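Some notes on the structure that comes next.
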Amino acid sequence: MWLGVDYYPEQWDTVLLEQDLDNIVELGANAIRIGEFAWHQMEKTEGNYDFSFFDHVIQKAKERGLRIVFGTPTAAIPAWLAKKHPEILAEFEDGTKRAFGGRHVYCFNSPALYEYSEMLIRALVKHYKNEPAILAWQIDNEFGHEGSDVCWCTQCLQAFRRFLREKFSGDISRLNAVYGTAFWSQEYNDFGEIPLPSRTITTHNPALRLDWERFLSKSICDFAAFQAKLFRELLPNAVILHDFPGGGLYKHCDYSRLAGCLDIAAYNNYPVWGGQKEPLLPHEIAFGLDYIRGLKQKNFWITEQICGAQGHDVTGFLPRPGQAALWSCQAMARGCSSLFYFRYRQAAKGAEQFCYGILDADNQKRRRFYEVQNFFREMLPWREILETPVKSHIAILYDYDSLAAFRIQRQSLLLDCQAEMMRFHKIFFEANLMTDVIPASADFSGYALVILPFLTVAKQELCKRALAFAAAGGTLVLTCRTAVKDADNNLVFGEPLPLGFCEAAGVSVAETESLQERNAFSLVGAGSFEGFTGFGGIVRDMLVPANAEVLYRYGDPFFGEYAAVTRKPYGNGTIFYIGCPPDEATLKRLLMSMLKETHIEAAPSSPGVEVITRGPEAGKFRFILNHNAYPAAYNGEKLAPFAYRIEPE
């Protein structure tokens, strides 16, 4: 287990180094994370590599028993490189260049980016290949963050056309057929006529736009894989990680695919950021952690854990005493096996002056220093427990193409696929049941309950695996607008919805409606839910059951004959279809019945108290966390506000 801090020694006078490292050791840290933004420090002028500064830092760290996570500094290119190769700078949609001065200003399809990154990484690895203090290498920083996942420059235009030429084997007539370009006279005579889908009147072709989303993701994944491949070529035993930012399901990048080139998926955990009045709710923080754990379906690291208030220009909520440690403990309990706090000291200069760290810019040890110190001391005895895998019987699946399809054609102004996923996750969270949030490409055969929420792009391979899962005894949950489009983001002529699932689910979609209200219509229970009522909204499928049991019908006067929720046995398992986003009480009632049927035992605690069980079967422990700003109890024992405890089960 590595417990440490993010340290940026190049931003401070060198006379502070030894005192800083002594303080870091006093915290109880055993590692530091360095280098990720220091390209100019390493290469002040082109081709003149100088790592002496970091040689000194590493030597002093080694003298104190500290290990190193070293970042490739490609996220922040130097000014001389932007001056020599202005084409390396990405462009906004209106054609203006991103000005040098921020971070992530480069274009992922710039040959210059690859050329200079490779030369730097080769020099860096050659210099440090025999350095035992380096325990892991971080490639770049927060890929795709802050809008850096989209570029509209001519390099991207040419690369996008090459991407399409390769996809369609150079056959423009095939592209025209797949895209349906006869609509609005969009036929192309050659790939050189294809535009980027920037702003136009009305909208671009949905199939073109989905391929654009795939291209954007591929551009980032290719650059990550390029760096990882270099390390494996030059340093075969290197441990390679990347620090993913929050909000991955909203990015124009498939982080699950990017994670494929990594040894470790790492996360920068910020439950609150500048401008937020209050932090994310505990179940929302948990969802982000479960999503990161699902990228590789194994334990992860946190490379940036919030400690103080954060913000670039607008600052935010200050974590209350004990709250940052509570969030850290929540992360460890949900699969984090090593954790680094951001940052050791608040910056006195530069864009992150108001990102408060363990120390403020005045360099005085106060509450946050001792809170981190205490947390490190408390976690170390639990190292073996925290390195065991997290086990879950429940999985929520997501699919990059489907998320992109809803970005392209949202259908309802209120439809937010991640928010809908989180509504399922929240109910399991409140029942203290661990839930894996995993890509649809992952193996889910070992779970008991699997939810496919809004997986609108139908994929035959996924359908086949999902039905095999249900036939083998699993409980499969489909939602509205699942399996609607083909792989090219087109509707399928002559096929009823949901594509590939109608016979197995015993239901078909007769009509669909998009609404701009959450509680737009009533739901009326039937069968085992007779007597229960509720509400639904946002979007709905009007279901015609063939041989499925109806659990809820729509209660409005025009569409009351249609089913809203159905259930059907399939093989040794069951398939549910939830035809709309129901209100929370109705969704909870449905999910609790599924858990009972699937023999998964809920273990709810008092509101705001999270309980997580970890460890091997023979020696399980409970992590009990009070997310409330007031005392709470669990099993008759009180917990102070934002306190936690660890005990045998």
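How things are named: the first chain in the structure tokens is A, the next is B, and so on; residues count from 1 in each chain; ligands count from 1 in the order shown.
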
Can you list, as a list in words, every protein, DNA or RNA residue that comes within 6 Å of region 94-106 of chain A when you count only C-alpha atoms, leaving out same-chain residues fewer than 4 positions away?
-> Ala75, Ala76, Ile88, Leu89, Ala90 and Ser148 of chain A

Extract, using only C-alpha atoms, all DNA, RNA and protein residues at most 6 Å from region 290-295 of chain A, discarding same-chain residues fewer than 5 positions from it, and format them as an mmCIF file with N, CA, C and O atoms, in the first residue's frame.
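And here is the file that came out, out.cif:
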data_model
loop_
_atom_site.group_PDB
_atom_site.id
_atom_site.type_symbol
_atom_site.label_atom_id
_atom_site.label_comp_id
_atom_site.auth_asym_id
_atom_site.auth_seq_id
_atom_site.Cartn_x
_atom_site.Cartn_y
_atom_site.Cartn_z
ATOM 1 N N SER A 256 -12.840 2.959 -20.537
ATOM 2 C CA SER A 256 -12.648 1.521 -20.342
ATOM 3 C C SER A 256 -11.697 0.966 -21.395
ATOM 4 O O SER A 256 -10.908 0.058 -21.122
ATOM 5 N N PHE A 300 -8.003 -0.145 -7.593
ATOM 6 C CA PHE A 300 -7.452 1.019 -8.275
ATOM 7 C C PHE A 300 -6.662 1.866 -7.285
ATOM 8 O O PHE A 300 -6.636 1.575 -6.084
ATOM 9 N N ASP A 436 -20.935 -3.101 -9.064
ATOM 10 C CA ASP A 436 -19.892 -2.822 -10.045
ATOM 11 C C ASP A 436 -20.498 -2.057 -11.219
ATOM 12 O O ASP A 436 -21.552 -2.444 -11.742
ATOM 13 N N VAL A 437 -19.843 -0.984 -11.617
ATOM 14 C CA VAL A 437 -20.234 -0.212 -12.797
ATOM 15 C C VAL A 437 -19.206 -0.532 -13.865
ATOM 16 O O VAL A 437 -18.050 -0.118 -13.769
ATOM 17 N N ILE A 438 -19.612 -1.304 -14.882
ATOM 18 C CA ILE A 438 -18.635 -1.886 -15.795
ATOM 19 C C ILE A 438 -19.036 -1.662 -17.250
ATOM 20 O O ILE A 438 -20.217 -1.484 -17.564
#

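Near Asp20 (chain A), within 9 Å and counting only C-alpha atoms, sit A:Pro9, A:Leu16, A:Ile24, A:Val25, A:Tyr344; same-chain residues fewer than 4 positions away were not included.
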
A:Thr435, A:Ser169, A:Ser338, A:Ser185: which is nearest Glu387 (chain A), counting only C-alpha atoms?
-> A:Ser338

Those in region 411-489 of chain A with helix (DSSP H, G or I) from DSSP, as a list in words |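 Assigned to helix (DSSP H, G or I), within region 411-489 of chain A: Cys417, Gln418, Ala419, Glu420, Met421, Met422, Arg423, Phe424, His425, Lys426, Ile427, Phe428, Phe429, Glu430, Gln460, Glu461, Leu462, Cys463, Lys464, Arg465, Ala466, Leu467, Ala468, Phe469, Ala470 and Ala471 of chain A.
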
Point out the residue among A:Ala431, A:Glu420, A:Asp13, A:Asn626 with the least atom-to-atom distance to Cys329 (chain A), counting only C-alpha atoms.
->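 Of A:Ala431, A:Glu420, A:Asp13, A:Asn626, the one nearest Cys329 (chain A), counting only C-alpha atoms, is A:Asn626.
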
Using DSSP on the backbone coordinates, identify all residues within region 350-453 of chain A classified as strand (DSSP E); present the result as a list in words.
->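 Written out, the strand (DSSP E) residues of region 350-453 of chain A are Ile394, Ala395, Ile396, Leu397, Tyr398, Thr435, Asp436, Val437, Ile438, Pro439, Leu449, Val450, Ile451 and Leu452 of chain A.
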
What gap, in Å, lies between CA of Gln323 (chain A) and CA of Val272 (chain A)?
-> 11.3 Å

Write out as a PyMOL selection string the residues lying within 10 Å of Ile139 (chain A), counting only C-alpha atoms and excluding same-chain residues fewer than 2 positions away.
-> chain A and resi 36+70-75+121+136-137+141-143+223-228+231+240-243+262

Pick from A:Phe163, A:Phe54, A:Trp12, A:Tyr370: nearest to Tyr128 (chain A), with only C-alpha atoms counted?
->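 Nearest candidate to Tyr128 (chain A) out of A:Phe163, A:Phe54, A:Trp12, A:Tyr370: A:Phe54.
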